[in-house]
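Novice: Sharing query.txt, compact mmCIF, C-alpha atoms:
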```txt
# COMPACT_ATOMS: atom_id res chain seq x y z
CA MET P 17 55.82 45.82 92.45
CA THR P 18 56.45 45.66 96.20
CA GLU P 19 53.98 47.51 98.36
CA ARG P 20 55.82 50.27 100.16
CA SER P 21 55.35 51.07 103.80
CA GLU P 22 56.42 54.17 105.64
CA PRO P 23 60.02 53.49 106.75
CA THR P 24 61.13 53.91 110.33
CA PRO P 25 63.64 56.78 110.43
CA GLY P 26 67.17 55.39 110.41
CA ALA P 27 66.05 51.79 109.88
CA PRO P 28 67.62 49.63 107.16
CA PRO P 29 65.48 48.12 104.41
CA ALA P 30 63.26 45.42 105.94
CA ARG P 31 64.78 42.58 103.92
CA LEU P 32 68.32 43.11 105.31
CA PRO P 33 67.68 42.25 109.00
CA ARG P 34 66.21 38.94 107.80
CA LEU P 35 69.70 37.95 106.61
CA THR P 36 71.81 36.16 109.19
CA SER P 37 74.98 37.37 107.45
CA TRP P 38 73.80 41.00 107.73
CA LEU P 39 72.99 40.55 111.43
CA LEU P 40 76.36 38.89 112.13
CA HIS P 41 78.18 41.72 110.37
CA HIS P 42 76.43 44.33 112.51
CA ALA P 43 76.82 42.29 115.70
CA ALA P 44 80.57 41.96 114.99
CA ALA P 45 80.84 45.71 114.34
CA ARG P 46 79.10 46.41 117.66
CA ALA P 47 81.34 43.92 119.46
CA ASN P 48 84.45 45.55 117.98
CA ARG P 49 83.31 49.00 119.12
CA VAL P 50 82.61 47.77 122.66
CA VAL P 51 85.90 45.87 122.98
CA THR P 52 87.91 48.76 121.53
CA ARG P 53 86.29 51.16 124.00
CA HIS P 54 87.39 48.94 126.91
CA LEU P 55 90.97 48.33 125.79
CA ASP P 56 93.75 50.79 126.57
CA ARG P 57 94.82 51.18 122.94
CA PRO P 58 93.74 49.83 119.53
CA ALA P 59 96.69 47.44 119.15
CA ASP P 60 95.69 45.67 122.37
CA ARG P 61 93.26 43.42 120.48
CA MET P 62 96.12 41.74 118.58
CA ARG P 63 98.39 41.88 121.62
CA TYR P 64 95.78 40.10 123.70
CA ALA P 65 95.38 37.36 121.09
CA ILE P 66 99.15 36.89 120.89
CA LEU P 67 99.59 36.76 124.67
CA ALA P 68 96.67 34.35 125.07
CA ALA P 69 98.13 32.04 122.42
CA LEU P 70 101.60 32.10 123.94
CA ASP P 71 100.18 31.48 127.40
CA GLU P 72 98.16 28.50 126.20
CA PHE P 73 100.54 26.94 123.67
CA GLY P 74 103.93 27.82 125.16
CA GLY P 75 106.83 28.55 122.82
CA ILE P 76 105.64 28.62 119.23
CA SER P 77 107.13 29.77 115.94
CA GLN P 78 106.03 33.16 114.66
CA ALA P 79 104.58 31.51 111.56
CA ASP P 80 102.56 28.99 113.60
CA LEU P 81 101.41 31.74 115.95
CA CYS P 82 100.09 33.81 113.04
CA ARG P 83 98.40 30.78 111.45
CA ARG P 84 96.66 29.83 114.70
CA LEU P 85 95.42 33.39 115.20
CA GLY P 86 94.50 33.98 111.56
CA ILE P 87 96.63 37.12 111.33
CA ASP P 88 98.94 38.15 108.53
CA ARG P 89 102.60 37.59 109.39
CA GLY P 90 103.49 40.98 107.96
CA ASP P 91 100.92 42.68 110.19
CA ALA P 92 102.19 40.81 113.24
CA VAL P 93 105.90 41.67 112.88
CA ASP P 94 105.61 45.27 114.11
CA THR P 95 103.40 44.20 117.00
CA LEU P 96 105.75 41.35 117.96
CA ASN P 97 108.75 43.71 117.76
CA ALA P 98 107.03 46.25 120.01
CA MET P 99 105.96 43.56 122.46
CA ALA P 100 109.50 42.19 122.62
CA ALA P 101 110.88 45.70 123.21
CA GLU P 102 108.39 46.12 126.08
CA GLY P 103 109.46 42.80 127.60
CA LEU P 104 106.08 41.09 127.06
CA LEU P 105 107.60 38.27 125.00
CA ARG P 106 110.96 37.00 123.97
CA ARG P 107 112.19 35.41 120.76
CA GLU P 108 114.74 32.65 120.59
CA PRO P 109 116.15 30.76 117.63
CA ASP P 110 114.36 27.44 117.14
CA PRO P 111 116.84 24.71 118.16
CA ALA P 112 115.38 22.44 115.44
CA ASP P 113 115.65 25.09 112.71
CA ARG P 114 117.87 28.10 113.41
CA ARG P 115 116.17 30.04 110.58
CA ARG P 116 112.98 30.24 112.64
CA ASN P 117 112.25 32.14 115.83
CA VAL P 118 110.26 30.64 118.67
CA VAL P 119 108.22 33.18 120.64
CA HIS P 120 107.68 32.83 124.40
CA ILE P 121 105.57 34.84 126.83
CA THR P 122 107.44 36.51 129.71
CA ALA P 123 106.30 37.15 133.29
CA ALA P 124 105.52 40.74 132.25
CA GLY P 125 103.53 39.40 129.30
CA THR P 126 101.53 37.12 131.59
CA ALA P 127 100.79 40.05 133.91
CA ARG P 128 99.68 42.21 130.96
CA MET P 129 97.51 39.38 129.65
CA ARG P 130 95.76 39.17 133.02
CA GLU P 131 95.09 42.94 132.91
CA LEU P 132 93.69 42.55 129.40
CA ASP P 133 91.59 39.56 130.57
CA ASP P 134 89.80 41.91 132.97
CA LEU P 135 89.23 44.54 130.27
CA VAL P 136 87.98 41.99 127.75
CA ASP P 137 85.70 40.37 130.37
CA ALA P 138 84.19 43.80 131.12
CA ALA P 139 83.64 44.35 127.39
CA GLN P 140 81.92 40.97 127.09
CA ASP P 141 79.67 41.81 130.02
CA GLU P 142 78.70 45.13 128.42
CA LEU P 143 78.16 43.57 125.01
CA LEU P 144 75.94 40.79 126.37
CA SER P 145 74.26 42.72 129.18
CA GLY P 146 70.82 42.17 127.66
CA PHE P 147 71.18 38.38 127.80
CA THR P 148 70.65 35.93 130.62
CA PRO P 149 73.52 33.54 131.46
CA ALA P 150 71.65 30.75 129.66
CA GLU P 151 71.18 32.93 126.56
CA ARG P 152 74.87 33.87 126.59
CA ALA P 153 75.85 30.20 126.74
CA ARG P 154 73.44 29.32 123.93
CA LEU P 155 74.68 32.17 121.74
CA SER P 156 78.28 31.08 122.34
CA ARG P 157 77.48 27.46 121.42
CA LEU P 158 75.70 28.53 118.24
CA LEU P 159 78.54 30.84 117.20
CA HIS P 160 81.08 28.07 117.86
CA ARG P 161 79.09 25.80 115.57
CA LEU P 162 78.89 28.51 112.94
CA VAL P 163 82.64 29.03 112.85
CA ASP P 164 83.23 25.29 113.13
CA LEU P 165 85.09 25.39 116.42
CA PRO P 166 84.50 22.92 119.23
CA PRO P 167 82.80 24.59 122.21
CA GLY P 168 85.46 25.54 124.72
```
Output the file's structure as structure tokens, nothing else.
Specialist:
Amino acid sequence: MTERSEPTPGAPPARLPRLTSWLLHHAAARANRVVTRHLDRPADRMRYAILAALDEFGGISQADLCRRLGIDRGDAVDTLNAMAAEGLLRREPDPADRRRNVVHITAAGTARMRELDDLVDAAQDELLSGFTPAERARLSRLLHRLVDLPPG
């Protein structure tokens, strides 16, 4: 039988914070709350990812865009439609395959992405305010390794 100690009010069971997966889950939840608080509206998280991808990769098919971002194509359709209606992106038939659409960022989309860059940067600063620049860089490198991405 495990010897019981007096729990700290509101604290989880002691064995859970020893689990990296548990800590990552709670860190991600905190990060999501901070980023959401900084963005103008909840859908801006997906919009930002879409605009960043289009800015970096240029014209890309909707299917490739969703694959690169790890988002469900069905979930992205409404967002892409709204973004096109707002003039943030444009769709054109793919000259190589007229059944596909290629998505491009517009000047308005680039301007909105830059606004979102500032909001996301402020969220990152809040989230990591307790870390030194060296600790932030180390945490980023470790997380990149964990998700198997090359450090950017």
Novice: Give me, as a PyMOL selection string, all polymer residues having an atom no more than 12 Å from Leu132 of chain P, counting only C-alpha atoms and skipping those fewer than 4 positions away in the same chain.
Specialist: chain P and resi 51-52+54-57+59-68+125-128+136-139
Novice: Calculate how many Å separate atom CA of Leu105 of chain P from atom CA of Arg130 of chain P, rounding to one decimal.
Specialist: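 That distance, rounded to one decimal, is 14.3 Å.
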Novice: Compile a residue-level contact table for segment 136-160 of chain P against segment 26-50 of chain P at a cut-off of 9 Å, reporting for every qualifying residue the shortest atom pair and its distance in Å to one decimal, with all atoms listed in the file counted, rows ordered by chain and ascending number, as JSON lines.
Specialist:
```
{"residue": "P:Ala139", "atom": "CA", "partner": "P:Val50", "partner_atom": "CA", "distance": 5.9}
{"residue": "P:Gln140", "atom": "CA", "partner": "P:Val50", "partner_atom": "CA", "distance": 8.1}
{"residue": "P:Glu142", "atom": "CA", "partner": "P:Val50", "partner_atom": "CA", "distance": 7.4}
{"residue": "P:Leu143", "atom": "CA", "partner": "P:Ala47", "partner_atom": "CA", "distance": 6.4}
```
Novice: Create the file for the chosen residues now, containing C-alpha atoms and written as a JSON list (two decimals), in the frame of the given file.
Specialist:
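What ended up in part.json:
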```json
[["chain", "number", "residue", "atom", "x", "y", "z"],
["P", 139, "ALA", "CA", 83.64, 44.35, 127.39],
["P", 140, "GLN", "CA", 81.92, 40.97, 127.09],
["P", 142, "GLU", "CA", 78.70, 45.13, 128.42],
["P", 143, "LEU", "CA", 78.16, 43.57, 125.01]]
```
Novice: Between P:Arg152, P:Arg114, P:His120, P:His160, which residue has the minimum interatomic distance to Met99 of chain P, considering all atoms listed in the file?
Specialist: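 Once distances to Met99 of chain P are computed over all atoms listed in the file, the minimum belongs to P:His120.
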Novice: Distance atom CA of Asp110 of chain P-atom CA of Gln78 of chain P, one decimal place?
Specialist: 10.4 Å
Novice: Go ahead and compute the interatomic distance for atom CA of Gly86 of chain P and atom CA of Leu158 of chain P, in Å to one decimal.
Specialist: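 Atom-to-atom, atom CA of Gly86 of chain P to atom CA of Leu158 of chain P, that is 20.7 Å.
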Novice: Once you add 4 Å to each side, what are the centre and edge lengths of the axis-aligned box holding all listed atoms of segment 36-42 of chain P? One decimal in Å, as JSON, if you can.
Specialist:
```
{"center_x": 75.0, "center_y": 40.2, "center_z": 110.0, "size_x": 14.4, "size_y": 16.2, "size_z": 13.1}
```
Novice: Contacts of Cys82 of chain P at 10 Å or less, counting only C-alpha atoms, minus same-chain residues fewer than 2 places along, as a PyMOL selection string?
Specialist: chain P and resi 65-66+69+76-80+84-93
Novice: Between P:Asp94, P:Arg106, P:Glu151, P:Val119, single out the one closest to Phe73 of chain P, counting all atoms listed in the file.
Specialist: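 Among P:Asp94, P:Arg106, P:Glu151, P:Val119, it is P:Val119 that comes nearest to Phe73 of chain P.
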Novice: Using the incomplete input, complete segment 44-55 of chain P to the level of all heavy atoms; output as a PDB file, in the frame of the given file.
Specialist:
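Full text of part13.pdb as output:
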```pdb
ATOM      1  N   ALA P  44      79.104  41.917 114.894  1.00  0.00           N
ATOM      2  CA  ALA P  44      80.570  41.960 114.990  1.00  0.00           C
ATOM      3  C   ALA P  44      81.055  43.411 115.073  1.00  0.00           C
ATOM      4  O   ALA P  44      81.975  43.718 115.844  1.00  0.00           O
ATOM      5  CB  ALA P  44      81.199  41.244 113.801  1.00  0.00           C
ATOM      6  N   ALA P  45      80.452  44.293 114.296  1.00  0.00           N
ATOM      7  CA  ALA P  45      80.840  45.710 114.340  1.00  0.00           C
ATOM      8  C   ALA P  45      80.568  46.285 115.728  1.00  0.00           C
ATOM      9  O   ALA P  45      81.404  47.011 116.284  1.00  0.00           O
ATOM     10  CB  ALA P  45      80.099  46.494 113.268  1.00  0.00           C
ATOM     11  N   ARG P  46      79.426  45.944 116.309  1.00  0.00           N
ATOM     12  CA  ARG P  46      79.100  46.410 117.660  1.00  0.00           C
ATOM     13  C   ARG P  46      80.079  45.842 118.664  1.00  0.00           C
ATOM     14  O   ARG P  46      80.578  46.550 119.540  1.00  0.00           O
ATOM     15  CB  ARG P  46      77.665  46.018 118.028  1.00  0.00           C
ATOM     16  CG  ARG P  46      77.274  46.486 119.401  1.00  0.00           C
ATOM     17  CD  ARG P  46      75.778  46.277 119.683  1.00  0.00           C
ATOM     18  NE  ARG P  46      75.460  46.791 120.974  1.00  0.00           N
ATOM     19  CZ  ARG P  46      75.397  46.045 122.088  1.00  0.00           C
ATOM     20  NH1 ARG P  46      75.601  44.751 122.018  1.00  0.00           N
ATOM     21  NH2 ARG P  46      75.114  46.593 123.240  1.00  0.00           N
ATOM     22  N   ALA P  47      80.380  44.551 118.552  1.00  0.00           N
ATOM     23  CA  ALA P  47      81.340  43.920 119.460  1.00  0.00           C
ATOM     24  C   ALA P  47      82.701  44.590 119.366  1.00  0.00           C
ATOM     25  O   ALA P  47      83.343  44.854 120.398  1.00  0.00           O
ATOM     26  CB  ALA P  47      81.445  42.426 119.152  1.00  0.00           C
ATOM     27  N   ASN P  48      83.151  44.880 118.161  1.00  0.00           N
ATOM     28  CA  ASN P  48      84.450  45.550 117.980  1.00  0.00           C
ATOM     29  C   ASN P  48      84.467  46.915 118.632  1.00  0.00           C
ATOM     30  O   ASN P  48      85.464  47.294 119.254  1.00  0.00           O
ATOM     31  CB  ASN P  48      84.796  45.647 116.496  1.00  0.00           C
ATOM     32  CG  ASN P  48      85.210  44.321 115.917  1.00  0.00           C
ATOM     33  OD1 ASN P  48      85.735  43.464 116.614  1.00  0.00           O
ATOM     34  ND2 ASN P  48      84.970  44.153 114.638  1.00  0.00           N
ATOM     35  N   ARG P  49      83.376  47.675 118.490  1.00  0.00           N
ATOM     36  CA  ARG P  49      83.310  49.000 119.120  1.00  0.00           C
ATOM     37  C   ARG P  49      83.377  48.877 120.638  1.00  0.00           C
ATOM     38  O   ARG P  49      84.095  49.637 121.305  1.00  0.00           O
ATOM     39  CB  ARG P  49      82.033  49.735 118.701  1.00  0.00           C
ATOM     40  CG  ARG P  49      82.063  50.286 117.293  1.00  0.00           C
ATOM     41  CD  ARG P  49      80.908  51.230 117.019  1.00  0.00           C
ATOM     42  NE  ARG P  49      79.602  50.638 117.259  1.00  0.00           N
ATOM     43  CZ  ARG P  49      78.903  49.939 116.363  1.00  0.00           C
ATOM     44  NH1 ARG P  49      79.392  49.730 115.158  1.00  0.00           N
ATOM     45  NH2 ARG P  49      77.712  49.452 116.674  1.00  0.00           N
ATOM     46  N   VAL P  50      82.636  47.939 121.209  1.00  0.00           N
ATOM     47  CA  VAL P  50      82.610  47.770 122.660  1.00  0.00           C
ATOM     48  C   VAL P  50      83.982  47.347 123.169  1.00  0.00           C
ATOM     49  O   VAL P  50      84.501  47.921 124.135  1.00  0.00           O
ATOM     50  CB  VAL P  50      81.516  46.757 123.076  1.00  0.00           C
ATOM     51  CG1 VAL P  50      81.636  46.390 124.550  1.00  0.00           C
ATOM     52  CG2 VAL P  50      80.123  47.317 122.790  1.00  0.00           C
ATOM     53  N   VAL P  51      84.597  46.355 122.532  1.00  0.00           N
ATOM     54  CA  VAL P  51      85.900  45.870 122.980  1.00  0.00           C
ATOM     55  C   VAL P  51      86.950  46.978 122.850  1.00  0.00           C
ATOM     56  O   VAL P  51      87.740  47.208 123.773  1.00  0.00           O
ATOM     57  CB  VAL P  51      86.317  44.601 122.212  1.00  0.00           C
ATOM     58  CG1 VAL P  51      87.770  44.233 122.495  1.00  0.00           C
ATOM     59  CG2 VAL P  51      85.393  43.443 122.566  1.00  0.00           C
ATOM     60  N   THR P  52      86.947  47.685 121.737  1.00  0.00           N
ATOM     61  CA  THR P  52      87.910  48.760 121.530  1.00  0.00           C
ATOM     62  C   THR P  52      87.761  49.842 122.596  1.00  0.00           C
ATOM     63  O   THR P  52      88.760  50.375 123.090  1.00  0.00           O
ATOM     64  CB  THR P  52      87.751  49.362 120.118  1.00  0.00           C
ATOM     65  OG1 THR P  52      88.031  48.338 119.156  1.00  0.00           O
ATOM     66  CG2 THR P  52      88.690  50.537 119.889  1.00  0.00           C
ATOM     67  N   ARG P  53      86.540  50.144 122.965  1.00  0.00           N
ATOM     68  CA  ARG P  53      86.290  51.160 124.000  1.00  0.00           C
ATOM     69  C   ARG P  53      86.871  50.726 125.352  1.00  0.00           C
ATOM     70  O   ARG P  53      87.316  51.550 126.138  1.00  0.00           O
ATOM     71  CB  ARG P  53      84.784  51.422 124.101  1.00  0.00           C
ATOM     72  CG  ARG P  53      84.420  52.654 124.859  1.00  0.00           C
ATOM     73  CD  ARG P  53      82.964  53.077 124.717  1.00  0.00           C
ATOM     74  NE  ARG P  53      82.010  52.029 124.992  1.00  0.00           N
ATOM     75  CZ  ARG P  53      81.198  51.477 124.091  1.00  0.00           C
ATOM     76  NH1 ARG P  53      81.231  51.887 122.838  1.00  0.00           N
ATOM     77  NH2 ARG P  53      80.345  50.537 124.421  1.00  0.00           N
ATOM     78  N   HIS P  54      86.895  49.436 125.626  1.00  0.00           N
ATOM     79  CA  HIS P  54      87.390  48.940 126.910  1.00  0.00           C
ATOM     80  C   HIS P  54      88.904  48.769 126.952  1.00  0.00           C
ATOM     81  O   HIS P  54      89.492  48.815 128.030  1.00  0.00           O
ATOM     82  CB  HIS P  54      86.712  47.599 127.252  1.00  0.00           C
ATOM     83  CG  HIS P  54      85.352  47.762 127.809  1.00  0.00           C
ATOM     84  ND1 HIS P  54      85.095  47.818 129.153  1.00  0.00           N
ATOM     85  CD2 HIS P  54      84.151  47.911 127.194  1.00  0.00           C
ATOM     86  CE1 HIS P  54      83.797  47.973 129.365  1.00  0.00           C
ATOM     87  NE2 HIS P  54      83.211  48.042 128.181  1.00  0.00           N
ATOM     88  N   LEU P  55      89.524  48.549 125.813  1.00  0.00           N
ATOM     89  CA  LEU P  55      90.970  48.330 125.790  1.00  0.00           C
ATOM     90  C   LEU P  55      91.707  49.656 125.885  1.00  0.00           C
ATOM     91  O   LEU P  55      91.188  50.708 125.537  1.00  0.00           O
ATOM     92  CB  LEU P  55      91.372  47.583 124.519  1.00  0.00           C
ATOM     93  CG  LEU P  55      90.837  46.158 124.414  1.00  0.00           C
ATOM     94  CD1 LEU P  55      91.238  45.547 123.087  1.00  0.00           C
ATOM     95  CD2 LEU P  55      91.321  45.293 125.574  1.00  0.00           C
TER      96      LEU P  55
END
```
